[in-house]
$ cat input_11.csv   # CSV, C-alpha atoms
chain,number,residue,atom,x,y,z
A,1,MET,CA,-112.1,7.7,57.6
A,2,THR,CA,-114.7,9.0,60.0
A,3,GLY,CA,-114.1,12.6,59.0
A,4,LEU,CA,-114.5,12.1,55.2
A,5,PRO,CA,-117.3,13.9,53.5
A,6,VAL,CA,-120.5,12.0,52.6
A,7,PHE,CA,-121.0,12.7,48.8
A,8,GLU,CA,-124.5,11.1,48.4
A,9,ARG,CA,-126.5,8.9,50.6
A,10,SER,CA,-126.8,6.0,48.2
A,11,VAL,CA,-126.0,3.0,50.5
A,12,ARG,CA,-127.8,1.4,53.4
A,13,LEU,CA,-126.9,1.7,57.0
A,14,PHE,CA,-125.0,-1.1,58.8
A,15,SER,CA,-124.6,-2.2,62.5
A,16,CYS,CA,-121.6,-3.2,64.6
A,17,ASP,CA,-121.4,-6.9,65.2
A,18,ASN,CA,-120.0,-6.2,68.7
A,19,CYS,CA,-122.5,-3.6,70.1
A,20,ASN,CA,-125.2,-3.1,67.5
A,21,GLN,CA,-124.3,0.6,67.1
A,22,VAL,CA,-125.3,2.1,63.7
A,23,LEU,CA,-122.4,2.1,61.2
A,24,PHE,CA,-122.1,4.2,58.0
A,25,PHE,CA,-120.5,2.9,54.8
A,26,GLU,CA,-117.4,5.0,55.4
A,27,ASN,CA,-116.7,3.9,59.0
A,28,SER,CA,-113.4,2.1,59.7
A,29,ARG,CA,-114.2,1.8,63.4
A,30,CYS,CA,-117.3,1.7,65.6
A,31,MET,CA,-117.7,5.1,67.4
A,32,ASN,CA,-119.4,3.4,70.3
A,33,CYS,CA,-117.3,0.4,71.2
A,34,GLY,CA,-114.1,1.3,69.3
A,35,MET,CA,-113.8,-1.9,67.4
A,36,SER,CA,-112.2,-1.8,63.9
A,37,VAL,CA,-114.6,-2.6,61.1
A,38,GLY,CA,-114.1,-3.4,57.4
A,39,TYR,CA,-116.3,-3.8,54.4
A,40,CYS,CA,-116.5,-7.2,52.8
A,41,VAL,CA,-117.5,-7.0,49.1
A,42,GLU,CA,-118.6,-10.7,49.0
A,43,LEU,CA,-121.1,-10.2,51.8
A,44,SER,CA,-121.9,-6.6,51.0
A,45,LYS,CA,-121.5,-5.9,54.7
A,46,LEU,CA,-119.5,-4.0,57.3
A,47,LEU,CA,-117.9,-6.5,59.6
A,48,THR,CA,-116.3,-6.1,63.0
A,49,LEU,CA,-112.7,-7.2,62.8
A,50,GLN,CA,-112.0,-9.8,65.5
A,51,HIS,CA,-109.9,-12.9,66.1
A,52,GLN,CA,-106.8,-11.4,64.3
A,53,THR,CA,-103.5,-13.1,63.7
A,54,GLY,CA,-100.3,-11.5,62.5
A,55,SER,CA,-98.8,-11.9,59.1
A,56,SER,CA,-96.1,-10.1,56.9
A,57,ASN,CA,-98.9,-8.3,55.1
A,58,GLY,CA,-100.8,-7.1,58.2
A,59,SER,CA,-103.2,-8.6,60.6
A,60,VAL,CA,-105.5,-11.4,59.3
A,61,TYR,CA,-109.1,-11.5,60.5
A,62,GLU,CA,-111.7,-14.3,60.5
A,63,VAL,CA,-115.0,-13.8,58.7
A,64,PHE,CA,-117.8,-16.3,58.9
A,65,PHE,CA,-119.7,-17.1,55.7
A,66,ALA,CA,-123.0,-19.1,56.0
A,67,ASN,CA,-122.6,-22.5,54.4
A,68,GLN,CA,-118.9,-21.8,53.8
A,69,GLY,CA,-117.5,-21.5,57.2
A,70,ILE,CA,-114.5,-19.2,58.2
A,71,ARG,CA,-112.7,-17.2,55.6
A,72,HIS,CA,-109.8,-14.8,56.2
A,73,TYR,CA,-109.3,-11.2,55.3
A,74,ARG,CA,-106.7,-8.4,55.6
A,75,GLN,CA,-107.2,-4.6,55.6
A,76,CYS,CA,-106.5,-2.8,52.4
A,77,LYS,CA,-103.0,-1.2,52.3
A,78,ASN,CA,-104.5,2.2,51.9
A,79,GLY,CA,-106.4,1.6,55.1
A,80,ARG,CA,-103.3,0.4,57.0
A,81,ASP,CA,-101.0,3.1,55.6
A,82,HIS,CA,-103.3,6.2,55.3
A,83,ASP,CA,-106.5,5.3,57.1
A,84,ALA,CA,-108.1,6.1,53.8
A,85,CYS,CA,-110.0,2.8,53.0
A,86,ASN,CA,-112.1,0.4,55.0
A,87,TRP,CA,-112.5,-2.4,52.4
A,88,LEU,CA,-111.1,-5.9,53.0
A,89,VAL,CA,-108.7,-8.0,50.9
A,90,PRO,CA,-108.9,-11.9,50.9
A,91,ALA,CA,-106.0,-13.1,53.0
A,92,GLU,CA,-104.9,-15.6,50.3
A,93,SER,CA,-104.6,-12.8,47.7
A,94,GLU,CA,-101.1,-11.6,46.8
A,95,ARG,CA,-102.5,-8.1,46.2
A,96,GLN,CA,-102.1,-5.4,48.8
A,97,PHE,CA,-105.1,-3.3,47.7
A,98,CYS,CA,-108.8,-3.9,47.8
A,99,ALA,CA,-111.1,-4.3,44.8
A,100,SER,CA,-111.7,-0.5,44.7
A,101,CYS,CA,-108.2,0.8,45.4
A,102,SER,CA,-106.7,-1.6,42.9
A,103,LEU,CA,-108.6,0.2,40.1
A,104,THR,CA,-106.6,3.5,40.8
A,105,GLU,CA,-103.7,3.4,38.4
A,106,ILE,CA,-102.4,7.0,39.1
A,107,ALA,CA,-102.7,8.9,42.4
A,108,PRO,CA,-101.4,12.4,43.2
A,109,ASP,CA,-98.4,13.0,45.4
A,110,LEU,CA,-99.6,11.8,48.8
A,111,THR,CA,-96.8,13.5,50.7
A,112,ASP,CA,-98.8,16.7,50.1
A,113,PHE,CA,-101.5,17.1,52.8
A,114,ASP,CA,-104.0,18.8,50.4
A,115,ASN,CA,-103.5,16.1,47.8
A,116,ARG,CA,-103.9,13.3,50.4
A,117,THR,CA,-107.1,14.8,51.7
A,118,ALA,CA,-108.6,15.3,48.2
A,119,TRP,CA,-107.5,11.8,47.2
A,120,ALA,CA,-109.1,10.2,50.3
A,121,GLY,CA,-112.4,11.9,49.6
A,122,ILE,CA,-112.4,10.8,45.9
A,123,GLU,CA,-111.6,7.2,46.9
A,124,ALA,CA,-114.5,7.3,49.3
A,125,ALA,CA,-116.8,8.4,46.4
A,126,LYS,CA,-115.3,5.6,44.2
A,127,ARG,CA,-116.3,3.0,46.8
A,128,ARG,CA,-119.8,4.3,46.7
A,129,LEU,CA,-119.8,4.0,42.9
A,130,LEU,CA,-118.6,0.4,43.1
A,131,TYR,CA,-121.2,-0.4,45.7
A,132,THR,CA,-123.9,0.5,43.1
A,133,ILE,CA,-122.1,-1.3,40.3
A,134,TYR,CA,-121.9,-4.5,42.3
A,135,GLY,CA,-125.5,-4.1,43.3
A,136,LEU,CA,-126.5,-3.8,39.6
A,137,LYS,CA,-124.2,-6.8,38.8
A,138,LEU,CA,-122.4,-4.9,36.1
A,139,PRO,CA,-119.1,-6.4,34.9
A,140,ILE,CA,-116.0,-4.6,36.1
A,141,SER,CA,-112.3,-5.5,36.3
A,142,SER,CA,-109.0,-3.7,36.6
A,143,ARG,CA,-106.6,-3.3,33.6
A,144,GLN,CA,-104.3,-5.6,35.4
A,145,ASP,CA,-106.8,-8.4,35.0
A,146,TRP,CA,-108.1,-7.3,31.7
A,147,PRO,CA,-105.7,-5.0,29.9
A,148,THR,CA,-107.9,-4.3,26.9
A,149,GLU,CA,-111.3,-3.9,28.5
A,150,GLY,CA,-110.6,-3.1,32.2
A,151,VAL,CA,-111.1,0.1,34.1
A,152,ALA,CA,-108.3,2.4,35.5
A,153,PHE,CA,-108.7,5.6,37.4
A,154,HIS,CA,-106.2,8.5,37.2
A,155,PHE,CA,-106.5,11.1,39.9
A,156,LEU,CA,-104.4,14.1,39.1
A,157,ARG,CA,-103.8,17.7,40.4
A,158,GLY,CA,-104.1,20.2,37.5
A,159,THR,CA,-101.8,23.2,37.2
A,160,ASP,CA,-101.9,26.3,34.9
A,161,ALA,CA,-99.1,24.7,32.9
A,162,GLU,CA,-100.6,21.3,32.9
A,163,PRO,CA,-104.4,21.4,33.3
A,164,VAL,CA,-106.3,18.2,34.0
A,165,MET,CA,-109.5,17.5,32.2
A,166,THR,CA,-112.0,15.1,33.7
A,167,GLY,CA,-113.1,12.5,31.2
A,168,HIS,CA,-113.1,8.9,29.9
A,169,ASP,CA,-110.9,7.4,27.2
A,170,GLU,CA,-111.0,3.7,26.4
A,171,GLY,CA,-111.5,2.6,30.0
A,172,ILE,CA,-109.3,5.2,31.6
A,173,ILE,CA,-111.2,7.6,33.8
A,174,THR,CA,-109.4,10.8,34.7
A,175,LEU,CA,-110.5,13.2,37.5
A,176,ASN,CA,-109.0,16.5,38.5
A,177,ILE,CA,-108.7,16.2,42.2
A,178,ALA,CA,-109.6,19.9,42.6
A,179,GLU,CA,-113.1,18.6,42.2
A,180,ALA,CA,-112.9,17.3,45.8
A,181,ASP,CA,-112.8,20.9,47.0
A,182,SER,CA,-116.3,22.2,47.6
A,183,ALA,CA,-115.4,25.8,46.7
A,184,PHE,CA,-113.8,24.9,43.4
A,185,ARG,CA,-116.7,22.6,42.6
A,186,GLU,CA,-119.4,25.2,43.4
A,187,ASN,CA,-117.6,27.8,41.3
A,188,MET,CA,-117.5,25.3,38.3
A,189,ARG,CA,-121.1,24.4,38.9
A,190,GLU,CA,-122.2,28.1,38.6
A,191,LYS,CA,-120.0,28.6,35.5
A,192,MET,CA,-121.4,25.5,33.8
A,193,GLY,CA,-125.0,26.3,34.8
A,194,GLU,CA,-125.4,23.0,36.5
A,195,GLY,CA,-128.1,22.1,39.0
A,196,TYR,CA,-125.6,20.1,41.1
A,197,ARG,CA,-122.0,18.9,40.8
A,198,THR,CA,-120.5,16.1,43.0
A,199,VAL,CA,-117.4,13.9,42.9
A,200,LEU,CA,-119.7,10.8,42.8
A,201,GLY,CA,-121.7,12.4,40.0
A,202,HIS,CA,-118.5,12.8,38.0
A,203,LEU,CA,-117.5,9.2,38.5
A,204,ARG,CA,-120.9,7.9,37.6
A,205,HIS,CA,-121.0,10.0,34.5
A,206,GLU,CA,-117.6,8.9,33.2
A,207,ILE,CA,-118.1,5.2,34.0
A,208,GLY,CA,-121.3,5.5,32.0
A,209,HIS,CA,-119.2,6.1,29.0
A,210,TYR,CA,-117.2,3.0,29.8
A,211,TYR,CA,-120.3,0.9,30.0
A,212,TRP,CA,-121.7,2.3,26.8
A,213,ASP,CA,-118.5,1.1,25.1
A,214,ARG,CA,-118.7,-2.3,26.8
A,215,LEU,CA,-122.5,-3.0,26.6
A,216,ILE,CA,-124.0,-0.8,23.8
A,217,ARG,CA,-121.4,0.1,21.1
A,218,GLY,CA,-121.5,-2.4,18.3
A,219,SER,CA,-124.3,-4.4,19.8
A,220,ASN,CA,-128.0,-5.1,18.8
A,221,LEU,CA,-129.0,-2.6,21.6
A,222,LEU,CA,-127.7,0.5,19.6
A,223,GLU,CA,-131.0,1.2,17.9
A,224,ALA,CA,-133.0,1.0,21.1
A,225,PHE,CA,-130.4,3.2,22.8
A,226,ARG,CA,-130.7,5.9,20.1
A,227,LYS,CA,-134.5,5.9,20.4
A,228,LEU,CA,-134.2,6.6,24.1
A,229,PHE,CA,-131.2,8.9,24.4
A,230,GLY,CA,-130.6,10.3,20.9
A,231,ASP,CA,-127.9,9.9,18.3
A,232,GLU,CA,-124.5,9.6,20.0
A,233,SER,CA,-122.7,9.8,16.6
A,234,LEU,CA,-123.5,13.6,16.3
A,235,ASP,CA,-120.4,15.8,16.7
A,236,TYR,CA,-120.0,16.5,20.4
A,237,GLU,CA,-118.2,19.9,20.2
A,238,GLN,CA,-120.9,21.2,17.8
A,239,ALA,CA,-123.7,20.0,20.1
A,240,VAL,CA,-122.1,21.7,23.1
A,241,GLN,CA,-121.6,25.0,21.1
A,242,ARG,CA,-125.2,24.8,19.9
A,243,HIS,CA,-126.5,24.3,23.5
A,244,TYR,CA,-124.7,27.2,24.9
A,245,GLU,CA,-125.5,29.5,22.0
A,246,ASN,CA,-129.2,28.6,21.6
A,247,GLY,CA,-130.2,26.7,24.8
A,248,PRO,CA,-132.1,23.5,24.9
A,249,PRO,CA,-135.1,22.7,22.7
A,250,ALA,CA,-138.4,24.2,24.0
A,251,ASN,CA,-139.9,20.8,24.8
A,252,TRP,CA,-136.7,19.3,26.4
A,253,SER,CA,-138.5,18.5,29.7
A,254,GLU,CA,-140.8,16.0,27.9
A,255,SER,CA,-137.9,13.7,27.2
A,256,HIS,CA,-134.9,14.7,29.4
A,257,ILE,CA,-134.2,15.0,33.1
A,258,ARG,CA,-132.4,18.3,32.8
A,259,ALA,CA,-131.7,20.9,30.1

$ encode --input "input_11.csv" --output "C-alpha coordinates"
Amino acid sequence: MTGLPVFERSVRLFSCDNCNQVLFFENSRCMNCGMSVGYCVELSKLLTLQHQTGSSNGSVYEVFFANQGIRHYRQCKNGRDHDACNWLVPAESERQFCASCSLTEIAPDLTDFDNRTAWAGIEAAKRRLLYTIYGLKLPISSRQDWPTEGVAFHFLRGTDAEPVMTGHDEGIITLNIAEADSAFRENMREKMGEGYRTVLGHLRHEIGHYYWDRLIRGSNLLEAFRKLFGDESLDYEQAVQRHYENGPPANWSESHIRA
(Lines of atoms letter the chains of each structure in order from A and count residues from 1; the text may use other names and numbers.)
(Lines give C-alpha, C1' and ligand atoms only; values in the text may rest on other atoms or scores of the structure.)
Protein backbone atom coordinates (compact mmCIF):
# COMPACT_ATOMS: atom_id res chain seq x y z
CA MET A 1 0.00 0.00 0.00
CA THR A 2 2.69 2.52 0.86
CA GLY A 3 4.22 2.30 -2.61
CA LEU A 4 1.04 3.08 -4.55
CA PRO A 5 0.93 6.26 -6.63
CA VAL A 6 -0.94 9.29 -5.32
CA PHE A 7 -3.35 10.25 -8.10
CA GLU A 8 -4.58 13.57 -6.72
CA ARG A 9 -4.30 15.15 -3.30
CA SER A 10 -8.01 15.43 -2.57
CA VAL A 11 -8.22 14.07 0.99
CA ARG A 12 -7.01 15.41 4.30
CA LEU A 13 -4.05 14.15 6.30
CA PHE A 14 -4.54 11.86 9.29
CA SER A 15 -2.42 10.94 12.31
CA CYS A 16 -1.48 7.69 14.03
CA ASP A 17 -3.46 7.06 17.23
CA ASN A 18 -0.39 5.37 18.70
CA CYS A 19 2.46 7.86 18.00
CA ASN A 20 0.81 10.88 16.30
CA GLN A 21 2.87 10.39 13.11
CA VAL A 22 1.28 11.91 9.99
CA LEU A 23 -0.63 9.33 7.95
CA PHE A 24 -1.77 9.52 4.36
CA PHE A 25 -5.05 8.19 3.02
CA GLU A 26 -3.34 5.21 1.33
CA ASN A 27 -1.33 4.09 4.40
CA SER A 28 -1.99 0.59 5.74
CA ARG A 29 0.64 0.95 8.45
CA CYS A 30 2.36 3.73 10.33
CA MET A 31 5.85 4.29 8.98
CA ASN A 32 7.04 5.51 12.38
CA CYS A 33 5.80 2.97 14.93
CA GLY A 34 4.88 0.14 12.54
CA MET A 35 1.29 -0.23 13.75
CA SER A 36 -1.29 -1.41 11.21
CA VAL A 37 -3.94 1.18 10.37
CA GLY A 38 -7.28 1.00 8.59
CA TYR A 39 -9.81 3.46 7.22
CA CYS A 40 -13.23 3.48 8.86
CA VAL A 41 -15.91 4.86 6.53
CA GLU A 42 -18.33 5.60 9.38
CA LEU A 43 -15.79 7.79 11.17
CA SER A 44 -14.04 9.10 8.01
CA LYS A 45 -10.79 8.37 9.81
CA LEU A 46 -7.66 6.22 9.67
CA LEU A 47 -7.55 4.15 12.85
CA THR A 48 -4.68 2.33 14.52
CA LEU A 49 -5.63 -1.37 14.69
CA GLN A 50 -5.21 -2.61 18.24
CA HIS A 51 -6.87 -5.04 20.65
CA GLN A 52 -7.30 -7.73 18.01
CA THR A 53 -8.95 -11.10 18.45
CA GLY A 54 -8.89 -14.02 16.01
CA SER A 55 -11.78 -15.20 13.84
CA SER A 56 -12.36 -17.40 10.82
CA ASN A 57 -12.55 -14.26 8.65
CA GLY A 58 -9.33 -12.68 9.92
CA SER A 59 -8.44 -10.63 12.95
CA VAL A 60 -11.15 -8.49 14.57
CA TYR A 61 -10.24 -5.07 15.93
CA GLU A 62 -11.99 -2.81 18.43
CA VAL A 63 -12.97 0.72 17.39
CA PHE A 64 -14.37 3.27 19.83
CA PHE A 65 -17.31 5.41 18.70
CA ALA A 66 -18.29 8.43 20.79
CA ASN A 67 -21.75 7.87 22.35
CA GLN A 68 -21.84 4.34 20.89
CA GLY A 69 -19.00 2.57 22.65
CA ILE A 70 -16.88 -0.20 21.14
CA ARG A 71 -17.57 -1.58 17.67
CA HIS A 72 -15.63 -4.30 15.87
CA TYR A 73 -14.05 -4.34 12.41
CA ARG A 74 -12.03 -6.62 10.13
CA GLN A 75 -9.59 -5.75 7.36
CA CYS A 76 -10.89 -5.97 3.79
CA LYS A 77 -10.04 -9.27 2.08
CA ASN A 78 -8.06 -7.39 -0.58
CA GLY A 79 -5.98 -5.92 2.24
CA ARG A 80 -5.36 -9.29 3.85
CA ASP A 81 -4.68 -11.19 0.60
CA HIS A 82 -2.96 -8.59 -1.59
CA ASP A 83 -2.02 -5.66 0.69
CA ALA A 84 -4.11 -3.64 -1.78
CA CYS A 85 -6.76 -2.06 0.46
CA ASN A 86 -6.73 -0.35 3.86
CA TRP A 87 -10.49 -0.02 4.40
CA LEU A 88 -12.30 -1.81 7.21
CA VAL A 89 -15.35 -4.09 7.17
CA PRO A 90 -17.83 -4.28 10.10
CA ALA A 91 -17.08 -7.55 11.92
CA GLU A 92 -20.77 -8.52 11.96
CA SER A 93 -20.98 -8.29 8.16
CA GLU A 94 -20.95 -11.52 6.17
CA ARG A 95 -19.09 -9.75 3.36
CA GLN A 96 -15.36 -10.15 2.93
CA PHE A 97 -14.82 -6.93 0.99
CA CYS A 98 -15.07 -3.30 2.08
CA ALA A 99 -17.55 -0.74 0.76
CA SER A 100 -15.14 0.20 -2.05
CA CYS A 101 -13.86 -3.22 -3.13
CA SER A 102 -17.38 -4.68 -3.11
CA LEU A 103 -18.26 -2.31 -5.98
CA THR A 104 -15.69 -4.02 -8.24
CA GLU A 105 -17.60 -6.65 -10.17
CA ILE A 106 -14.82 -7.68 -12.57
CA ALA A 107 -11.07 -7.50 -11.93
CA PRO A 108 -8.20 -8.53 -14.24
CA ASP A 109 -6.19 -11.72 -13.78
CA LEU A 110 -4.38 -10.97 -10.50
CA THR A 111 -1.86 -13.78 -10.99
CA ASP A 112 -0.21 -11.47 -13.54
CA PHE A 113 2.12 -9.02 -11.74
CA ASP A 114 1.45 -6.11 -14.14
CA ASN A 115 -2.30 -6.60 -13.84
CA ARG A 116 -2.10 -6.76 -10.06
CA THR A 117 -0.03 -3.57 -9.88
CA ALA A 118 -2.40 -1.69 -12.21
CA TRP A 119 -5.49 -2.97 -10.39
CA ALA A 120 -4.11 -1.95 -6.99
CA GLY A 121 -3.47 1.58 -8.25
CA ILE A 122 -6.94 1.84 -9.77
CA GLU A 123 -8.57 0.59 -6.55
CA ALA A 124 -6.62 3.26 -4.64
CA ALA A 125 -8.05 5.91 -7.00
CA LYS A 126 -11.56 4.48 -6.53
CA ARG A 127 -11.28 4.84 -2.75
CA ARG A 128 -10.41 8.53 -3.25
CA LEU A 129 -13.46 8.85 -5.49
CA LEU A 130 -15.68 7.33 -2.80
CA TYR A 131 -14.15 9.57 -0.12
CA THR A 132 -15.47 12.54 -2.12
CA ILE A 133 -18.83 10.89 -2.81
CA TYR A 134 -19.39 10.17 0.88
CA GLY A 135 -18.35 13.72 1.73
CA LEU A 136 -20.94 15.08 -0.72
CA LYS A 137 -23.53 12.67 0.76
CA LEU A 138 -24.41 11.32 -2.68
CA PRO A 139 -26.32 8.02 -2.79
CA ILE A 140 -24.27 5.00 -3.84
CA SER A 141 -24.82 1.27 -3.52
CA SER A 142 -23.55 -1.89 -5.15
CA ARG A 143 -25.54 -3.86 -7.69
CA GLN A 144 -25.72 -6.63 -5.09
CA ASP A 145 -27.77 -4.32 -2.88
CA TRP A 146 -29.62 -2.55 -5.69
CA PRO A 147 -29.51 -4.61 -8.91
CA THR A 148 -31.35 -2.04 -11.06
CA GLU A 149 -29.79 1.21 -9.80
CA GLY A 150 -26.47 0.23 -8.20
CA VAL A 151 -22.90 0.80 -9.39
CA ALA A 152 -20.43 -1.83 -10.60
CA PHE A 153 -16.85 -1.37 -11.77
CA HIS A 154 -15.26 -3.55 -14.48
CA PHE A 155 -11.46 -3.28 -14.64
CA LEU A 156 -10.15 -5.04 -17.75
CA ARG A 157 -6.93 -5.37 -19.74
CA GLY A 158 -7.55 -4.59 -23.41
CA THR A 159 -5.83 -6.45 -26.26
CA ASP A 160 -5.60 -5.87 -30.01
CA ALA A 161 -8.18 -8.61 -30.50
CA GLU A 162 -10.44 -7.41 -27.68
CA PRO A 163 -9.97 -3.69 -27.00
CA VAL A 164 -11.48 -2.22 -23.83
CA MET A 165 -13.20 1.15 -24.01
CA THR A 166 -13.49 3.20 -20.84
CA GLY A 167 -17.08 4.29 -20.31
CA HIS A 168 -20.37 4.08 -18.43
CA ASP A 169 -23.45 2.02 -19.28
CA GLU A 170 -26.46 1.91 -16.96
CA GLY A 171 -24.41 1.90 -13.75
CA ILE A 172 -21.53 -0.24 -15.04
CA ILE A 173 -18.27 1.71 -15.20
CA THR A 174 -15.57 0.07 -17.34
CA LEU A 175 -11.92 1.09 -17.24
CA ASN A 176 -9.03 -0.16 -19.35
CA ILE A 177 -6.38 -0.90 -16.71
CA ALA A 178 -3.69 0.28 -19.13
CA GLU A 179 -4.74 3.75 -17.92
CA ALA A 180 -2.85 2.99 -14.69
CA ASP A 181 0.42 3.08 -16.70
CA SER A 182 1.75 6.65 -16.81
CA ALA A 183 3.43 6.23 -20.22
CA PHE A 184 0.22 4.90 -21.82
CA ARG A 185 -1.81 7.64 -20.18
CA GLU A 186 0.53 10.43 -21.31
CA ASN A 187 0.53 9.09 -24.86
CA MET A 188 -3.28 9.11 -24.89
CA ARG A 189 -3.37 12.58 -23.33
CA GLU A 190 -1.26 13.99 -26.16
CA LYS A 191 -3.30 12.19 -28.83
CA MET A 192 -6.56 13.53 -27.37
CA GLY A 193 -5.20 17.04 -26.84
CA GLU A 194 -6.06 16.95 -23.13
CA GLY A 195 -4.64 19.21 -20.45
CA TYR A 196 -4.45 16.35 -18.00
CA ARG A 197 -5.43 12.67 -17.77
CA THR A 198 -5.59 10.69 -14.53
CA VAL A 199 -7.20 7.47 -13.33
CA LEU A 200 -9.17 9.38 -10.72
CA GLY A 201 -10.28 11.81 -13.42
CA HIS A 202 -11.62 8.91 -15.50
CA LEU A 203 -13.55 7.51 -12.54
CA ARG A 204 -14.98 10.92 -11.64
CA HIS A 205 -16.05 11.51 -15.24
CA GLU A 206 -17.76 8.15 -15.65
CA ILE A 207 -19.55 8.23 -12.32
CA GLY A 208 -20.79 11.68 -13.31
CA HIS A 209 -22.79 9.93 -16.05
CA TYR A 210 -24.20 7.58 -13.41
CA TYR A 211 -25.33 10.47 -11.21
CA TRP A 212 -26.84 12.26 -14.18
CA ASP A 213 -28.99 9.19 -14.75
CA ARG A 214 -29.86 8.91 -11.06
CA LEU A 215 -30.43 12.56 -10.17
CA ILE A 216 -31.15 14.56 -13.35
CA ARG A 217 -32.66 12.40 -16.10
CA GLY A 218 -36.43 12.54 -15.99
CA SER A 219 -36.46 15.01 -13.09
CA ASN A 220 -37.58 18.64 -12.75
CA LEU A 221 -33.88 19.62 -12.73
CA LEU A 222 -33.42 18.87 -16.44
CA GLU A 223 -34.20 22.37 -17.69
CA ALA A 224 -31.81 23.99 -15.20
CA PHE A 225 -29.15 21.43 -16.16
CA ARG A 226 -29.44 22.31 -19.86
CA LYS A 227 -29.16 26.03 -19.14
CA LEU A 228 -25.89 25.40 -17.31
CA PHE A 229 -24.30 22.58 -19.31
CA GLY A 230 -26.05 22.49 -22.68
CA ASP A 231 -28.39 20.06 -24.42
CA GLU A 232 -27.33 16.50 -23.63
CA SER A 233 -29.79 15.09 -26.20
CA LEU A 234 -27.61 16.24 -29.13
CA ASP A 235 -25.89 13.41 -31.02
CA TYR A 236 -22.62 12.62 -29.22
CA GLU A 237 -20.67 11.28 -32.20
CA GLN A 238 -21.62 14.28 -34.32
CA ALA A 239 -20.56 16.65 -31.52
CA VAL A 240 -17.17 14.91 -31.19
CA GLN A 241 -16.61 15.00 -34.96
CA ARG A 242 -17.57 18.68 -35.09
CA HIS A 243 -15.17 19.50 -32.25
CA TYR A 244 -12.18 17.82 -33.86
CA GLU A 245 -12.94 19.23 -37.30
CA ASN A 246 -13.80 22.82 -36.31
CA GLY A 247 -12.51 23.24 -32.78
CA PRO A 248 -14.47 24.82 -29.92
CA PRO A 249 -16.59 27.98 -30.30
CA ALA A 250 -14.57 31.21 -30.19
CA ASN A 251 -16.09 32.25 -26.86
CA TRP A 252 -15.86 28.85 -25.18
CA SER A 253 -13.85 30.21 -22.20
CA GLU A 254 -16.79 32.38 -21.13
CA SER A 255 -18.92 29.36 -20.23
CA HIS A 256 -16.61 26.33 -20.07
CA ILE A 257 -13.60 25.26 -18.00
CA ARG A 258 -11.73 23.79 -20.98
CA ALA A 259 -12.15 23.59 -24.72

$ atom_distance --input "input_11.csv" --atom1 "atom CA of A:Gln75" --atom2 "atom CA of A:Gly38"
7.2 Å

$ closest_atom_pairs --input "input_11.csv" --of "stretch 30-143 of chain A" --to "stretch 182-199 of chain A" --cutoff "12 Å" --atoms "only C-alpha atoms" --output "Markdown table"
| residue | atom | partner | partner_atom | distance |
| --- | --- | --- | --- | --- |
| A:Ala118 | CA | A:Ser182 | CA | 10.4 |
| A:Trp119 | CA | A:Val199 | CA | 11.0 |
| A:Ala120 | CA | A:Val199 | CA | 11.7 |
| A:Gly121 | CA | A:Val199 | CA | 8.6 |
| A:Ile122 | CA | A:Val199 | CA | 6.6 |
| A:Glu123 | CA | A:Val199 | CA | 9.7 |
| A:Ala124 | CA | A:Val199 | CA | 9.6 |
| A:Ala125 | CA | A:Val199 | CA | 6.5 |
| A:Lys126 | CA | A:Val199 | CA | 8.7 |
| A:Arg127 | CA | A:Val199 | CA | 11.6 |
| A:Arg128 | CA | A:Val199 | CA | 10.6 |
| A:Leu129 | CA | A:Val199 | CA | 10.2 |

$ closest_residue --input "input_11.csv" --among "A:Asn27, A:Ser253, A:Thr174, A:Gln52" --to "A:Gly158" --atoms "only C-alpha atoms"
A:Thr174

$ closest_residue --input "input_11.csv" --among "A:His243, A:His205, A:Arg71, A:Arg12" --to "A:Tyr131" --atoms "only C-alpha atoms"
A:Arg12

$ residues_around --input "input_11.csv" --residues "A:Tyr73" --least-positions-apart "6" --cutoff "9 Å" --atoms "all atoms listed in the file" --output "PyMOL selection string"
chain A and resi 40+59-63+88-92

$ atom_distance --input "input_11.csv" --atom1 "atom CA of A:Gly150" --atom2 "atom CA of A:Leu215"
13.2 Å

$ atom_distance --input "input_11.csv" --atom1 "atom CA of A:Gly79" --atom2 "atom CA of A:Gln144"
21.1 Å

$ closest_residue --input "input_11.csv" --among "A:Val151, A:Phe229, A:Asn246, A:Val240" --to "A:Asp213" --atoms "all atoms listed in the file"
A:Val151

$ closest_residue --input "input_11.csv" --among "A:Val41, A:Met31, A:Ala84, A:Ile172" --to "A:Glu149" --atoms "all atoms listed in the file"
A:Ile172

$ closest_residue --input "input_11.csv" --among "A:Arg242, A:Lys137, A:Arg74, A:Lys227" --to "A:Gln50" --atoms "all atoms listed in the file"
A:Arg74

$ residues_around --input "input_11.csv" --residues "A:Asp17" --least-positions-apart "2" --cutoff "7 Å" --atoms "all atoms listed in the file" --output "PyMOL selection string"
chain A and resi 15+19-20+47-48

$ residues_around --input "input_11.csv" --residues "A:His209" --least-positions-apart "5" --cutoff "9 Å" --atoms "all atoms listed in the file" --output "NGL selection string"
:A and (168-171 or 204 or 214)

$ closest_residue --input "input_11.csv" --among "A:Gly230, A:Gln238, A:Glu223, A:Tyr211" --to "A:His256" --atoms "all atoms listed in the file"
A:Gly230

$ residues_near_point --input "input_11.csv" --point "(-111.2, 3.5, 64.4)" --cutoff "12 Å" --atoms "all atoms listed in the file" --output "list in words"
Met1, Thr2, Gly3, Leu23, Glu26, Asn27, Ser28, Arg29, Cys30, Met31, Asn32, Cys33, Gly34, Met35, Ser36, Val37, Gly38, Thr48, Leu49, Gly79, Arg80, Asp83, Ala84, Cys85 and Asn86 of chain A

$ write_last_selection --input "input_11.csv" --atoms "C-alpha atoms" --output "mmCIF file, in the frame of the given file"
data_model
loop_
_atom_site.group_PDB
_atom_site.id
_atom_site.type_symbol
_atom_site.label_atom_id
_atom_site.label_comp_id
_atom_site.auth_asym_id
_atom_site.auth_seq_id
_atom_site.Cartn_x
_atom_site.Cartn_y
_atom_site.Cartn_z
ATOM 1 C CA MET A 1 -112.100 7.700 57.600
ATOM 2 C CA THR A 2 -114.700 9.000 60.000
ATOM 3 C CA GLY A 3 -114.100 12.600 59.000
ATOM 4 C CA LEU A 23 -122.400 2.100 61.200
ATOM 5 C CA GLU A 26 -117.400 5.000 55.400
ATOM 6 C CA ASN A 27 -116.700 3.900 59.000
ATOM 7 C CA SER A 28 -113.400 2.100 59.700
ATOM 8 C CA ARG A 29 -114.200 1.800 63.400
ATOM 9 C CA CYS A 30 -117.300 1.700 65.600
ATOM 10 C CA MET A 31 -117.700 5.100 67.400
ATOM 11 C CA ASN A 32 -119.400 3.400 70.300
ATOM 12 C CA CYS A 33 -117.300 0.400 71.200
ATOM 13 C CA GLY A 34 -114.100 1.300 69.300
ATOM 14 C CA MET A 35 -113.800 -1.900 67.400
ATOM 15 C CA SER A 36 -112.200 -1.800 63.900
ATOM 16 C CA VAL A 37 -114.600 -2.600 61.100
ATOM 17 C CA GLY A 38 -114.100 -3.400 57.400
ATOM 18 C CA THR A 48 -116.300 -6.100 63.000
ATOM 19 C CA LEU A 49 -112.700 -7.200 62.800
ATOM 20 C CA GLY A 79 -106.400 1.600 55.100
ATOM 21 C CA ARG A 80 -103.300 0.400 57.000
ATOM 22 C CA ASP A 83 -106.500 5.300 57.100
ATOM 23 C CA ALA A 84 -108.100 6.100 53.800
ATOM 24 C CA CYS A 85 -110.000 2.800 53.000
ATOM 25 C CA ASN A 86 -112.100 0.400 55.000
#
